[in-house]
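> Just so it is clear, I am handing over coords_30.cif, which has mmCIF, C-alpha atoms.
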```
data_input
#
loop_
_atom_site.label_atom_id
_atom_site.label_comp_id
_atom_site.auth_asym_id
_atom_site.auth_seq_id
_atom_site.Cartn_x
_atom_site.Cartn_y
_atom_site.Cartn_z
CA MET A 263 0.00 0.00 0.00
CA LYS A 264 1.59 3.29 -1.14
CA ILE A 265 0.50 6.37 0.80
CA GLY A 266 1.25 9.79 -0.65
CA ILE A 267 1.29 12.83 1.62
CA VAL A 268 0.55 16.12 -0.16
CA GLY A 269 2.04 18.75 2.15
CA GLY A 270 4.26 16.09 3.68
CA THR A 271 6.84 18.62 4.88
CA GLY A 272 4.38 20.54 7.07
CA ASP A 273 4.09 19.95 10.79
CA ILE A 274 1.27 17.40 10.60
CA GLY A 275 2.60 15.82 7.39
CA GLU A 276 6.04 15.19 8.92
CA GLY A 277 4.46 13.60 11.97
CA MET A 278 2.24 11.38 9.83
CA ALA A 279 5.23 10.30 7.73
CA LEU A 280 7.11 9.23 10.87
CA ARG A 281 4.28 7.03 12.08
CA LEU A 282 3.19 5.69 8.68
CA SER A 283 6.55 4.88 7.10
CA THR A 284 7.33 2.10 9.58
CA THR A 285 4.39 0.11 8.15
CA PHE A 286 3.56 1.52 4.71
CA GLU A 287 5.47 2.82 1.71
CA VAL A 288 5.19 6.58 2.22
CA ILE A 289 5.70 9.16 -0.51
CA ILE A 290 6.36 12.58 0.99
CA GLY A 291 5.21 15.34 -1.36
CA SER A 292 6.00 19.04 -1.25
CA ARG A 293 5.76 22.08 -3.52
CA GLU A 294 9.57 22.11 -3.28
CA VAL A 295 11.19 18.75 -3.99
CA ASP A 296 14.33 19.74 -2.01
CA LYS A 297 12.21 20.13 1.11
CA ALA A 298 10.58 16.73 0.54
CA ILE A 299 14.01 15.10 0.16
CA SER A 300 15.32 16.74 3.33
CA SER A 301 12.16 15.73 5.27
CA THR A 302 12.62 12.17 4.02
CA LYS A 303 16.23 12.08 5.28
CA CYS A 304 15.11 13.47 8.62
CA CYS A 305 12.38 10.82 8.87
CA GLN A 306 14.84 8.03 7.98
CA ASP A 307 17.39 9.27 10.55
CA ILE A 308 14.85 9.44 13.38
CA LEU A 309 13.47 5.98 12.71
CA GLN A 310 16.90 4.42 12.09
CA LYS A 311 18.15 5.69 15.47
CA ARG A 312 15.26 3.82 17.07
CA GLY A 313 15.98 0.67 15.09
CA LEU A 314 12.67 1.02 13.28
CA PRO A 315 12.08 0.24 9.60
CA CYS A 316 11.47 3.23 7.32
CA CYS A 317 10.14 3.17 3.81
CA CYS A 318 9.76 6.68 2.47
CA SER A 319 10.81 8.88 -0.43
CA GLY A 320 10.61 12.63 -1.13
CA VAL A 321 9.05 13.96 -4.32
CA SER A 322 6.82 16.76 -5.63
CA ASN A 323 3.18 16.94 -4.56
CA GLN A 324 2.18 15.84 -8.09
CA GLU A 325 4.43 12.77 -7.92
CA ALA A 326 3.04 11.95 -4.47
CA VAL A 327 -0.40 11.84 -6.09
CA ASP A 328 0.83 9.90 -9.13
CA TYR A 329 2.65 7.13 -7.24
CA ALA A 330 0.21 6.66 -4.35
CA ASP A 331 -2.80 4.40 -3.91
CA VAL A 332 -4.05 6.59 -1.06
CA VAL A 333 -3.36 10.34 -0.92
CA ILE A 334 -3.47 12.31 2.35
CA LEU A 335 -4.06 16.06 1.97
CA ALA A 336 -1.97 17.27 4.92
CA ILE A 337 -2.52 20.95 4.24
CA PRO A 338 -4.29 23.79 6.05
CA PHE A 339 -7.81 24.57 4.84
CA LYS A 340 -6.77 27.87 3.24
CA HIS A 341 -4.28 26.04 1.01
CA VAL A 342 -6.72 23.42 -0.27
CA VAL A 343 -8.13 25.32 -3.26
CA PRO A 344 -4.79 26.71 -4.55
CA THR A 345 -3.00 23.37 -3.99
CA LEU A 346 -5.63 21.23 -5.72
CA ALA A 347 -5.65 23.69 -8.65
CA THR A 348 -2.00 22.71 -9.35
CA LEU A 349 -2.55 18.94 -9.16
CA HIS A 350 -4.21 16.31 -11.35
CA GLY A 351 -4.50 12.53 -11.61
CA PHE A 352 -6.81 11.88 -8.66
CA GLU A 353 -9.14 9.71 -10.79
CA GLY A 354 -10.11 6.53 -8.92
CA LYS A 355 -7.80 7.26 -5.99
CA THR A 356 -8.68 7.29 -2.32
CA VAL A 357 -8.07 10.72 -0.78
CA ILE A 358 -7.93 11.27 2.98
CA SER A 359 -8.91 14.72 4.24
CA PRO A 360 -7.69 15.59 7.75
CA VAL A 361 -8.55 19.21 6.88
CA ASN A 362 -10.48 21.37 9.36
CA PRO A 363 -11.95 24.71 8.23
CA MET A 364 -11.65 26.94 11.28
CA GLU A 365 -10.71 30.42 12.39
CA LYS A 366 -9.02 31.72 15.48
CA ARG A 367 -10.36 34.87 17.09
CA ASP A 368 -10.39 34.91 20.89
CA TYR A 369 -11.20 31.22 20.51
CA PHE A 370 -11.38 28.69 17.69
CA THR A 371 -14.60 28.43 15.69
CA PHE A 372 -15.68 26.04 12.96
CA VAL A 373 -16.12 28.03 9.73
CA PRO A 374 -17.13 25.61 7.00
CA PRO A 375 -17.18 26.46 3.29
CA GLN A 376 -20.52 26.65 1.49
CA GLU A 377 -20.44 22.89 0.81
CA GLY A 378 -20.78 22.36 4.59
CA SER A 379 -17.35 20.83 5.24
CA ALA A 380 -13.81 20.76 3.87
CA ALA A 381 -14.30 17.13 2.83
CA LEU A 382 -17.41 17.92 0.76
CA MET A 383 -15.58 20.86 -0.85
CA ILE A 384 -12.62 18.61 -1.69
CA GLN A 385 -14.99 15.99 -3.17
CA ARG A 386 -16.48 18.72 -5.40
CA LEU A 387 -13.03 19.95 -6.51
CA LEU A 388 -11.77 16.46 -7.44
CA PRO A 389 -12.96 14.06 -10.19
CA THR A 390 -16.27 12.39 -9.36
CA ASP A 391 -14.67 8.92 -9.07
CA THR A 392 -12.20 10.11 -6.39
CA LYS A 393 -13.09 8.45 -3.10
CA VAL A 394 -12.76 11.12 -0.42
CA CYS A 395 -12.73 10.09 3.25
CA THR A 396 -12.16 12.16 6.38
CA ALA A 397 -9.67 10.80 8.92
CA PHE A 398 -6.99 11.95 11.35
CA ASN A 399 -8.76 15.32 11.85
CA THR A 400 -8.17 15.66 15.58
CA ILE A 401 -4.63 14.33 16.03
CA ALA A 402 -2.19 17.14 16.88
CA ALA A 403 1.20 17.37 15.15
CA ASN A 404 3.02 16.97 18.48
CA ARG A 405 1.23 13.69 19.13
CA TRP A 406 2.18 12.34 15.70
CA LYS A 407 5.82 13.20 16.40
CA ALA A 408 6.04 11.95 20.02
CA LEU A 409 7.17 8.47 19.01
CA ASP A 410 7.77 7.45 22.64
CA GLU A 411 4.03 7.74 23.28
CA GLU A 412 1.35 5.45 21.94
CA LEU A 413 -1.53 7.18 20.17
CA GLU A 414 -4.43 5.94 22.31
CA LEU A 415 -7.00 7.93 20.38
CA SER A 416 -10.19 7.41 18.41
CA VAL A 417 -10.37 8.37 14.73
CA PRO A 418 -13.82 8.93 13.24
CA VAL A 419 -13.85 8.16 9.50
CA CYS A 420 -16.48 9.47 7.07
CA GLY A 421 -16.84 8.51 3.42
CA ASP A 422 -19.32 7.47 0.75
CA ASP A 423 -17.36 4.57 -0.80
CA ASP A 424 -17.52 1.54 1.48
CA GLY A 425 -14.37 -0.09 0.10
CA ALA A 426 -12.29 3.08 0.40
CA LYS A 427 -13.61 3.67 3.92
CA ARG A 428 -12.67 0.10 4.91
CA ASP A 429 -9.14 0.67 3.50
CA VAL A 430 -8.77 3.96 5.40
CA MET A 431 -10.02 2.39 8.64
CA ALA A 432 -7.52 -0.48 8.16
CA ILE A 433 -4.68 2.06 7.73
CA VAL A 434 -5.78 3.91 10.89
CA ASN A 435 -5.93 0.69 12.91
CA GLN A 436 -2.34 -0.21 11.95
CA ILE A 437 -0.90 3.01 13.44
CA SER A 438 0.11 2.82 17.11
CA LYS A 439 -3.05 2.29 19.17
CA LEU A 440 -5.33 4.44 17.01
CA GLN A 441 -8.85 3.06 16.73
CA ALA A 442 -10.95 3.83 13.66
CA PHE A 443 -14.70 4.34 13.92
CA ASN A 444 -17.08 4.49 10.95
CA ALA A 445 -18.74 7.90 11.46
CA GLY A 446 -21.05 7.69 8.42
CA PRO A 447 -21.19 9.27 4.96
CA LEU A 448 -19.23 12.33 3.83
CA ALA A 449 -22.42 14.37 4.33
CA VAL A 450 -21.77 14.35 8.10
CA SER A 451 -18.04 15.14 7.91
CA SER A 452 -18.72 18.63 9.35
CA MET A 453 -19.43 16.94 12.69
CA VAL A 454 -15.94 15.39 12.58
CA GLU A 455 -14.16 18.53 11.37
CA SER A 456 -15.74 20.66 14.11
CA LEU A 457 -14.15 18.42 16.75
CA THR A 458 -10.80 20.10 16.12
CA PRO A 459 -11.72 23.68 17.07
CA LEU A 460 -13.56 22.14 20.06
CA VAL A 461 -10.47 20.30 21.36
CA LEU A 462 -8.26 23.34 20.65
CA ASN A 463 -10.60 25.44 22.83
CA ILE A 464 -10.63 22.77 25.53
CA ALA A 465 -6.81 22.74 25.50
CA ARG A 466 -6.73 26.51 25.77
CA TYR A 467 -9.36 27.00 28.48
CA ASN A 468 -8.18 24.09 30.65
CA LYS A 469 -4.43 24.66 30.24
CA MET A 470 -3.94 21.31 28.53
CA LYS A 471 -1.77 20.35 25.56
CA ASP A 472 -2.67 18.48 22.40
CA VAL A 473 -6.07 17.28 23.58
CA GLY A 474 -7.29 14.11 21.87
CA ILE A 475 -10.58 12.22 21.81
CA GLN A 476 -11.71 8.72 22.66
CA PHE A 477 -15.13 7.24 22.01
CA HIS A 478 -16.24 4.34 24.20
CA MET B 140 -27.78 23.81 45.95
CA LYS B 141 -31.27 23.17 44.52
CA ILE B 142 -31.36 21.76 41.00
CA GLY B 143 -34.65 21.87 39.09
CA ILE B 144 -35.19 19.55 36.15
CA VAL B 145 -37.71 20.83 33.59
CA GLY B 146 -38.83 17.69 31.75
CA GLY B 147 -37.67 15.63 34.71
CA THR B 148 -39.98 12.72 33.87
CA GLY B 149 -38.48 12.13 30.43
CA ASP B 150 -35.87 9.47 29.78
CA ILE B 151 -32.83 11.73 30.25
CA GLY B 152 -34.46 13.73 33.07
CA GLU B 153 -35.23 10.59 35.10
CA GLY B 154 -31.65 9.41 34.70
CA MET B 155 -30.26 12.78 35.74
CA ALA B 156 -32.55 12.84 38.82
CA LEU B 157 -31.23 9.43 39.91
CA ARG B 158 -27.60 10.53 39.76
CA LEU B 159 -28.09 14.07 41.05
CA SER B 160 -30.45 13.47 43.97
CA THR B 161 -27.86 11.53 45.99
CA THR B 162 -25.79 14.73 46.27
CA PHE B 163 -28.08 17.69 45.55
CA GLU B 164 -31.64 18.70 46.35
CA VAL B 165 -33.42 17.83 43.11
CA ILE B 166 -36.77 19.24 42.04
CA ILE B 167 -38.34 17.09 39.35
CA GLY B 168 -40.63 19.15 37.13
CA SER B 169 -43.22 17.97 34.63
CA ARG B 170 -46.14 19.38 32.67
CA GLU B 171 -48.22 16.92 34.72
CA VAL B 172 -47.57 17.10 38.46
CA ASP B 173 -48.86 13.51 38.93
CA LYS B 174 -46.12 12.26 36.65
CA ALA B 175 -43.48 14.24 38.55
CA ILE B 176 -44.70 12.78 41.86
CA SER B 177 -44.65 9.23 40.51
CA SER B 178 -41.13 9.77 39.03
CA THR B 179 -40.00 11.06 42.41
CA LYS B 180 -41.33 7.95 44.20
CA CYS B 181 -39.62 5.75 41.62
CA CYS B 182 -36.33 7.61 42.11
CA GLN B 183 -36.61 7.33 45.92
CA ASP B 184 -37.37 3.57 45.72
CA ILE B 185 -34.41 2.83 43.44
CA LEU B 186 -31.95 4.76 45.58
CA GLN B 187 -33.36 3.49 48.89
CA LYS B 188 -32.93 -0.14 47.74
CA ARG B 189 -29.26 0.64 47.19
CA GLY B 190 -28.91 2.31 50.57
CA LEU B 191 -28.22 5.64 48.91
CA PRO B 192 -29.51 9.01 50.12
CA CYS B 193 -32.19 10.66 47.98
CA CYS B 194 -33.37 14.23 48.18
CA CYS B 195 -35.98 14.91 45.53
CA SER B 196 -39.52 16.20 45.11
CA GLY B 197 -42.00 16.23 42.23
CA VAL B 198 -43.68 19.44 41.10
CA SER B 199 -44.80 21.32 37.98
CA ASN B 200 -42.20 22.61 35.53
CA GLN B 201 -42.97 26.16 36.73
CA GLU B 202 -42.35 25.22 40.37
CA ALA B 203 -39.11 23.47 39.36
CA VAL B 204 -37.97 26.81 37.91
CA ASP B 205 -39.25 28.80 40.91
CA TYR B 206 -37.60 26.69 43.63
CA ALA B 207 -34.29 25.96 41.91
CA ASP B 208 -30.95 27.77 41.88
CA VAL B 209 -29.92 25.89 38.75
CA VAL B 210 -32.47 24.74 36.14
CA ILE B 211 -31.73 21.89 33.70
CA LEU B 212 -33.82 21.89 30.51
CA ALA B 213 -34.07 18.13 29.98
CA ILE B 214 -36.34 18.38 26.95
CA PRO B 215 -35.97 17.53 23.26
CA PHE B 216 -35.06 20.43 20.98
CA LYS B 217 -38.51 20.51 19.36
CA HIS B 218 -40.16 21.10 22.76
CA VAL B 219 -37.90 24.00 23.79
CA VAL B 220 -39.88 26.86 22.24
CA PRO B 221 -43.35 25.67 23.36
CA THR B 222 -42.11 24.74 26.86
CA LEU B 223 -40.30 28.01 27.51
CA ALA B 224 -43.38 29.91 26.29
CA THR B 225 -45.31 28.46 29.28
CA LEU B 226 -42.65 29.29 31.90
CA HIS B 227 -41.37 32.45 33.60
CA GLY B 228 -39.12 33.47 36.47
CA PHE B 229 -35.73 32.63 34.96
CA GLU B 230 -34.30 36.05 35.91
CA GLY B 231 -30.80 35.68 37.37
CA LYS B 232 -30.92 31.88 37.35
CA THR B 233 -28.36 29.50 35.92
CA VAL B 234 -29.88 27.35 33.17
CA ILE B 235 -28.18 24.21 31.86
CA SER B 236 -28.95 23.21 28.27
CA PRO B 237 -28.20 19.58 27.39
CA VAL B 238 -30.32 20.15 24.27
CA ASN B 239 -29.11 18.98 20.86
CA PRO B 240 -30.85 20.18 17.70
CA MET B 241 -30.64 17.23 15.33
CA GLU B 242 -32.61 15.22 12.82
CA LYS B 243 -32.64 11.56 11.96
CA ARG B 244 -32.82 10.54 8.33
CA ASP B 245 -30.69 7.55 7.33
CA TYR B 246 -28.25 8.98 9.86
CA PHE B 247 -28.21 11.73 12.48
CA THR B 248 -27.33 15.26 11.40
CA PHE B 249 -26.82 18.46 13.36
CA VAL B 250 -29.56 20.92 12.36
CA PRO B 251 -29.09 24.09 14.40
CA PRO B 252 -31.65 26.89 14.64
CA GLN B 253 -30.84 30.25 13.06
CA GLU B 254 -29.04 31.36 16.24
CA GLY B 255 -26.40 28.69 15.52
CA SER B 256 -27.11 26.40 18.46
CA ALA B 257 -29.89 25.39 20.85
CA ALA B 258 -28.04 27.11 23.71
CA LEU B 259 -27.88 30.45 21.86
CA MET B 260 -31.57 30.15 20.97
CA ILE B 261 -32.43 29.42 24.63
CA GLN B 262 -30.36 32.43 25.74
CA ARG B 263 -32.36 34.60 23.32
CA LEU B 264 -35.70 33.24 24.56
CA LEU B 265 -34.89 33.83 28.25
CA PRO B 266 -34.33 37.10 30.17
CA THR B 267 -30.93 38.69 29.43
CA ASP B 268 -29.66 38.09 32.97
CA THR B 269 -30.30 34.33 32.77
CA LYS B 270 -26.94 32.54 32.73
CA VAL B 271 -27.20 29.78 30.14
CA CYS B 272 -24.56 27.04 30.03
CA THR B 273 -24.34 23.88 27.91
CA ALA B 274 -23.55 20.66 29.75
CA PHE B 275 -24.42 16.93 29.73
CA ASN B 276 -25.10 17.04 25.96
CA THR B 277 -23.55 13.69 25.08
CA ILE B 278 -24.57 11.46 27.99
CA ALA B 279 -27.15 8.88 26.93
CA ALA B 280 -30.22 8.20 29.10
CA ASN B 281 -29.16 4.56 29.58
CA ARG B 282 -25.82 5.66 31.01
CA TRP B 283 -27.49 8.03 33.46
CA LYS B 284 -29.71 5.17 34.65
CA ALA B 285 -27.08 2.42 34.85
CA LEU B 286 -26.23 3.12 38.48
CA ASP B 287 -23.95 0.08 38.70
CA GLU B 288 -21.59 1.74 36.22
CA GLU B 289 -19.42 4.77 36.86
CA LEU B 290 -19.78 7.58 34.31
CA GLU B 291 -16.17 7.83 33.13
CA LEU B 292 -16.95 10.52 30.60
CA SER B 293 -15.91 14.06 29.72
CA VAL B 294 -18.44 16.89 29.81
CA PRO B 295 -17.62 20.02 27.79
CA VAL B 296 -19.26 23.10 29.33
CA CYS B 297 -19.88 26.36 27.44
CA GLY B 298 -21.15 29.61 28.91
CA ASP B 299 -20.61 33.36 29.03
CA ASP B 300 -20.89 33.91 32.80
CA ASP B 301 -17.71 32.72 34.53
CA GLY B 302 -19.36 32.22 37.93
CA ALA B 303 -22.25 30.21 36.51
CA LYS B 304 -19.86 28.12 34.42
CA ARG B 305 -17.76 27.37 37.51
CA ASP B 306 -20.92 26.30 39.39
CA VAL B 307 -22.01 24.04 36.54
CA MET B 308 -18.54 22.49 36.26
CA ALA B 309 -18.55 21.88 40.02
CA ILE B 310 -21.93 20.11 39.74
CA VAL B 311 -20.63 17.96 36.86
CA ASN B 312 -17.49 17.00 38.81
CA GLN B 313 -19.57 15.77 41.76
CA ILE B 314 -21.48 13.21 39.67
CA SER B 315 -19.88 9.76 39.47
CA LYS B 316 -16.58 10.11 37.56
CA LEU B 317 -17.75 12.78 35.15
CA GLN B 318 -15.06 15.32 34.33
CA ALA B 319 -16.03 18.85 33.31
CA PHE B 320 -14.02 20.80 30.72
CA ASN B 321 -14.40 24.49 30.03
CA ALA B 322 -15.16 24.52 26.29
CA GLY B 323 -15.41 28.30 25.92
CA PRO B 324 -18.22 30.83 25.49
CA LEU B 325 -21.80 30.05 24.46
CA ALA B 326 -20.87 31.21 20.94
CA VAL B 327 -19.12 27.86 20.36
CA SER B 328 -21.84 25.66 21.87
CA SER B 329 -22.70 24.36 18.38
CA MET B 330 -19.42 22.41 18.47
CA VAL B 331 -20.59 20.70 21.68
CA GLU B 332 -24.15 20.07 20.51
CA SER B 333 -22.96 18.49 17.24
CA LEU B 334 -21.07 15.84 19.24
CA THR B 335 -24.35 14.07 19.96
CA PRO B 336 -25.42 13.27 16.39
CA LEU B 337 -21.75 12.27 15.81
CA VAL B 338 -21.71 9.71 18.66
CA LEU B 339 -25.18 8.45 17.69
CA ASN B 340 -23.86 7.78 14.17
CA ILE B 341 -20.74 6.11 15.58
CA ALA B 342 -22.94 3.89 17.75
CA ARG B 343 -25.09 2.98 14.76
CA TYR B 344 -22.33 2.32 12.22
CA ASN B 345 -20.08 0.41 14.61
CA LYS B 346 -22.80 -1.60 16.38
CA MET B 347 -22.07 0.02 19.72
CA LYS B 348 -24.41 1.25 22.44
CA ASP B 349 -24.56 4.60 24.22
CA VAL B 350 -21.22 5.87 22.95
CA GLY B 351 -19.61 8.49 25.19
CA ILE B 352 -16.62 10.80 24.84
CA GLN B 353 -13.42 11.40 26.76
CA PHE B 354 -10.92 14.20 26.16
CA HIS B 355 -7.35 13.63 27.28
#
```
Can you dump the structure from the file as structure tokens?


Amino acid sequence: MKIGIVGGTGDIGEGMALRLSTTFEVIIGSREVDKAISSTKCCQDILQKRGLPCCCSGVSNQEAVDYADVVILAIPFKHVVPTLATLHGFEGKTVISPVNPMEKRDYFTFVPPQEGSAALMIQRLLPTDTKVCTAFNTIAANRWKALDEELELSVPVCGDDDGAKRDVMAIVNQISKLQAFNAGPLAVSSMVESLTPLVLNIARYNKMKDVGIQFH
Amino acid sequence: MKIGIVGGTGDIGEGMALRLSTTFEVIIGSREVDKAISSTKCCQDILQKRGLPCCCSGVSNQEAVDYADVVILAIPFKHVVPTLATLHGFEGKTVISPVNPMEKRDYFTFVPPQEGSAALMIQRLLPTDTKVCTAFNTIAANRWKALDEELELSVPVCGDDDGAKRDVMAIVNQISKLQAFNAGPLAVSSMVESLTPLVLNIARYNKMKDVGIQFH
């Protein structure tokens, strides 16, 4: 299973690459190939020092899409439209959106686009046979990168294609102690995306760090 | 501390009364006083059999408002407008909204009123000096009633009055193992209310029962 990370040199993308590349073939994409190559070396060094396997390579965002079976859009909401405008070749692919449309004023608020959620907007921007799923929305970059700590967190997954959703849930369940939950069709992805501003507010108002969620 | 439960003979209200009346003076309100009295007897019997203290009484919804320091609106969203239209005397009181505006089609969706959330709508319907807080939104009736099980759940609390929010969080933290989290002002209560359709969908799609949430 080849997983491409568009925006793989950002904070979240780097963390995801660290956790994913011990199990999957990870293709780290970036607007600047040099950055992707240097992130890849960094990822390899960190995992090698721990005696962990690492299978990753650094390429352009377009190549990350081209080579991958599953593409993760590890980019902030405001970069989604301009980034997708530069990319093609998503036909038939599974795309994971961990994207959360939100704004920070005195506190974080969920500010969805007119489609109702980032995931629905992404589905509209991509070819109709692209299988968009939400996942990983609430996991903070620091938690991805803290390799000494297990990720004992729940991951709600939305999507309209049952096969793609099963694949995404299987990926989730192979990372640390993450537990995937089917959260329904893409139509309800706003209820997943709005978890992130909620946990950011909870962190802020209760002097906590990197708050995560568990369902049980 | 006297806690009045408007709609105290409903499924959620009865469960709340069971858990709250071992610690607080609970006033169970109902449109029909007979029902409130019979719910009160039921609550007393259940707790007495377990050797637990029980301080509760059954009255009309209006009396529950009149006698209470803190009023819980344990009613479905669709009953909020008609119920509040029959009640008065909320001036200066703390009101807890566990109300979630949602609809069930094939799945549950969050369908807020034009104010953005049930809590903001309730604040608009009540006198301006009423201190509305959200709390208890995601706790299922069955969990309230399962007295053999501790409630190891997180409770996000929103509100604009710091004193009232502290009081509500203190109430939450005295019930079983519930843990209150300050989730910010009432303006972000939609992000708390939308948790409920989310966990109902997770329960449905993953064949679980009474799914709850923990932040950590």

> In terms of the shortest atom-to-atom distance over only C-alpha atoms, which of B:Ile235, B:Val198, B:Ala280, B:Ala224 is closest to Ile211 of chain B?

B:Ile235

> Using all atoms listed in the file, which of the listed residues (B:Val145, B:Cys297, B:Val220, B:Leu292) sits closest to Gln318 of chain B?

B:Leu292

> Excluding segment 448-453 of chain A and any residue of its chain fewer than 2 positions from it, enumerate the residues within 10 Å of it, using all atoms listed in the file, and give them as a JSON list (two decimals) with C-alpha atoms, in the coordinates of the input.


```json
[["chain", "number", "residue", "atom", "x", "y", "z"],
["A", 359, "SER", "CA", -8.91, 14.72, 4.24],
["A", 362, "ASN", "CA", -10.48, 21.37, 9.36],
["A", 363, "PRO", "CA", -11.95, 24.71, 8.23],
["A", 372, "PHE", "CA", -15.68, 26.04, 12.96],
["A", 373, "VAL", "CA", -16.12, 28.03, 9.73],
["A", 374, "PRO", "CA", -17.13, 25.61, 7.00],
["A", 377, "GLU", "CA", -20.44, 22.89, 0.81],
["A", 378, "GLY", "CA", -20.78, 22.36, 4.59],
["A", 379, "SER", "CA", -17.35, 20.83, 5.24],
["A", 380, "ALA", "CA", -13.81, 20.76, 3.87],
["A", 381, "ALA", "CA", -14.30, 17.13, 2.83],
["A", 382, "LEU", "CA", -17.41, 17.92, 0.76],
["A", 385, "GLN", "CA", -14.99, 15.99, -3.17],
["A", 394, "VAL", "CA", -12.76, 11.12, -0.42],
["A", 395, "CYS", "CA", -12.73, 10.09, 3.25],
["A", 396, "THR", "CA", -12.16, 12.16, 6.38],
["A", 397, "ALA", "CA", -9.67, 10.80, 8.92],
["A", 418, "PRO", "CA", -13.82, 8.93, 13.24],
["A", 419, "VAL", "CA", -13.85, 8.16, 9.50],
["A", 420, "CYS", "CA", -16.48, 9.47, 7.07],
["A", 421, "GLY", "CA", -16.84, 8.51, 3.42],
["A", 422, "ASP", "CA", -19.32, 7.47, 0.75],
["A", 423, "ASP", "CA", -17.36, 4.57, -0.80],
["A", 445, "ALA", "CA", -18.74, 7.90, 11.46],
["A", 446, "GLY", "CA", -21.05, 7.69, 8.42],
["A", 455, "GLU", "CA", -14.16, 18.53, 11.37],
["A", 456, "SER", "CA", -15.74, 20.66, 14.11],
["A", 457, "LEU", "CA", -14.15, 18.42, 16.75],
["A", 458, "THR", "CA", -10.80, 20.10, 16.12],
["B", 246, "TYR", "CA", -28.25, 8.98, 9.86],
["B", 247, "PHE", "CA", -28.21, 11.73, 12.48],
["B", 248, "THR", "CA", -27.33, 15.26, 11.40],
["B", 249, "PHE", "CA", -26.82, 18.46, 13.36],
["B", 329, "SER", "CA", -22.70, 24.36, 18.38],
["B", 330, "MET", "CA", -19.42, 22.41, 18.47],
["B", 331, "VAL", "CA", -20.59, 20.70, 21.68],
["B", 332, "GLU", "CA", -24.15, 20.07, 20.51],
["B", 333, "SER", "CA", -22.96, 18.49, 17.24],
["B", 334, "LEU", "CA", -21.07, 15.84, 19.24],
["B", 335, "THR", "CA", -24.35, 14.07, 19.96],
["B", 336, "PRO", "CA", -25.42, 13.27, 16.39],
["B", 337, "LEU", "CA", -21.75, 12.27, 15.81],
["B", 338, "VAL", "CA", -21.71, 9.71, 18.66],
["B", 340, "ASN", "CA", -23.86, 7.78, 14.17]]
```

> Would you mind listing what lies within 7 Å of Ala426 of chain A as a VMD selection string, with all atoms listed in the file counted and same-chain residues fewer than 4 positions away left out?

chain A and resid 356 393 430

> Find the distance between atom CA of Pro360 of chain A and atom CA of Pro344 of chain A and write it in Å to one decimal.

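Taking atom CA of Pro360 of chain A as the start and atom CA of Pro344 of chain A as the end point, the length is 16.8 Å.
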
> Report the distance between atom CA of Glu289 of chain B and atom CA of Thr161 of chain B in Å, rounded to one decimal place.

14.2 Å

> I need the residue set behind the PyMOL selection byres ((chain A and resi 315-317) around 6) for this file; please write it as a VMD selection string.

chain A and resid 283 to 284 287 306 314 318

> Which residue out of A:Leu346, A:Ala336, A:Ala442, A:Thr302 has the minimum interatomic distance to Leu387 of chain A when all atoms listed in the file are used?

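Looking only at the distances to Leu387 of chain A, the closest residue turns out to be A:Leu346.
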
> For the provided coordinates, the residues matched by the PyMOL selection byres ((chain A and resi 292-294) around 8) should be stated as an mmCIF file with C-alpha atoms, keeping the file's coordinate frame.


```cif
data_model
loop_
_atom_site.group_PDB
_atom_site.id
_atom_site.type_symbol
_atom_site.label_atom_id
_atom_site.label_comp_id
_atom_site.auth_asym_id
_atom_site.auth_seq_id
_atom_site.Cartn_x
_atom_site.Cartn_y
_atom_site.Cartn_z
ATOM 1 C CA VAL A 268 0.550 16.120 -0.160
ATOM 2 C CA GLY A 269 2.040 18.750 2.150
ATOM 3 C CA GLY A 270 4.260 16.090 3.680
ATOM 4 C CA THR A 271 6.840 18.620 4.880
ATOM 5 C CA ILE A 290 6.360 12.580 0.990
ATOM 6 C CA GLY A 291 5.210 15.340 -1.360
ATOM 7 C CA VAL A 295 11.190 18.750 -3.990
ATOM 8 C CA ASP A 296 14.330 19.740 -2.010
ATOM 9 C CA LYS A 297 12.210 20.130 1.110
ATOM 10 C CA ALA A 298 10.580 16.730 0.540
ATOM 11 C CA GLY A 320 10.610 12.630 -1.130
ATOM 12 C CA VAL A 321 9.050 13.960 -4.320
ATOM 13 C CA SER A 322 6.820 16.760 -5.630
ATOM 14 C CA ASN A 323 3.180 16.940 -4.560
#
```

> Which residue is closest to chain B? Choose from A:Gln436, A:Asn399, A:Thr345, A:Ser416 and count all atoms listed in the file.

A:Ser416

> Name the closest residue to chain A among the candidates B:Glu202, B:Glu153, B:Glu291, B:Asp306; distances are taken between atoms, counting all atoms listed in the file.

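Smallest separation from chain A among the options: B:Glu291.
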
> To one decimal place, how far is atom CA of Gln310 of chain A from atom CA of Thr400 of chain A in Å?

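Separation between atom CA of Gln310 of chain A and atom CA of Thr400 of chain A: 27.7 Å.
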
> Have a look at B:Cys181, B:Leu290, B:Met308, B:Leu186 and name the one nearest to His478 of chain A; count only C-alpha atoms.

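Under the stated criterion, the closest residue is B:Leu290.
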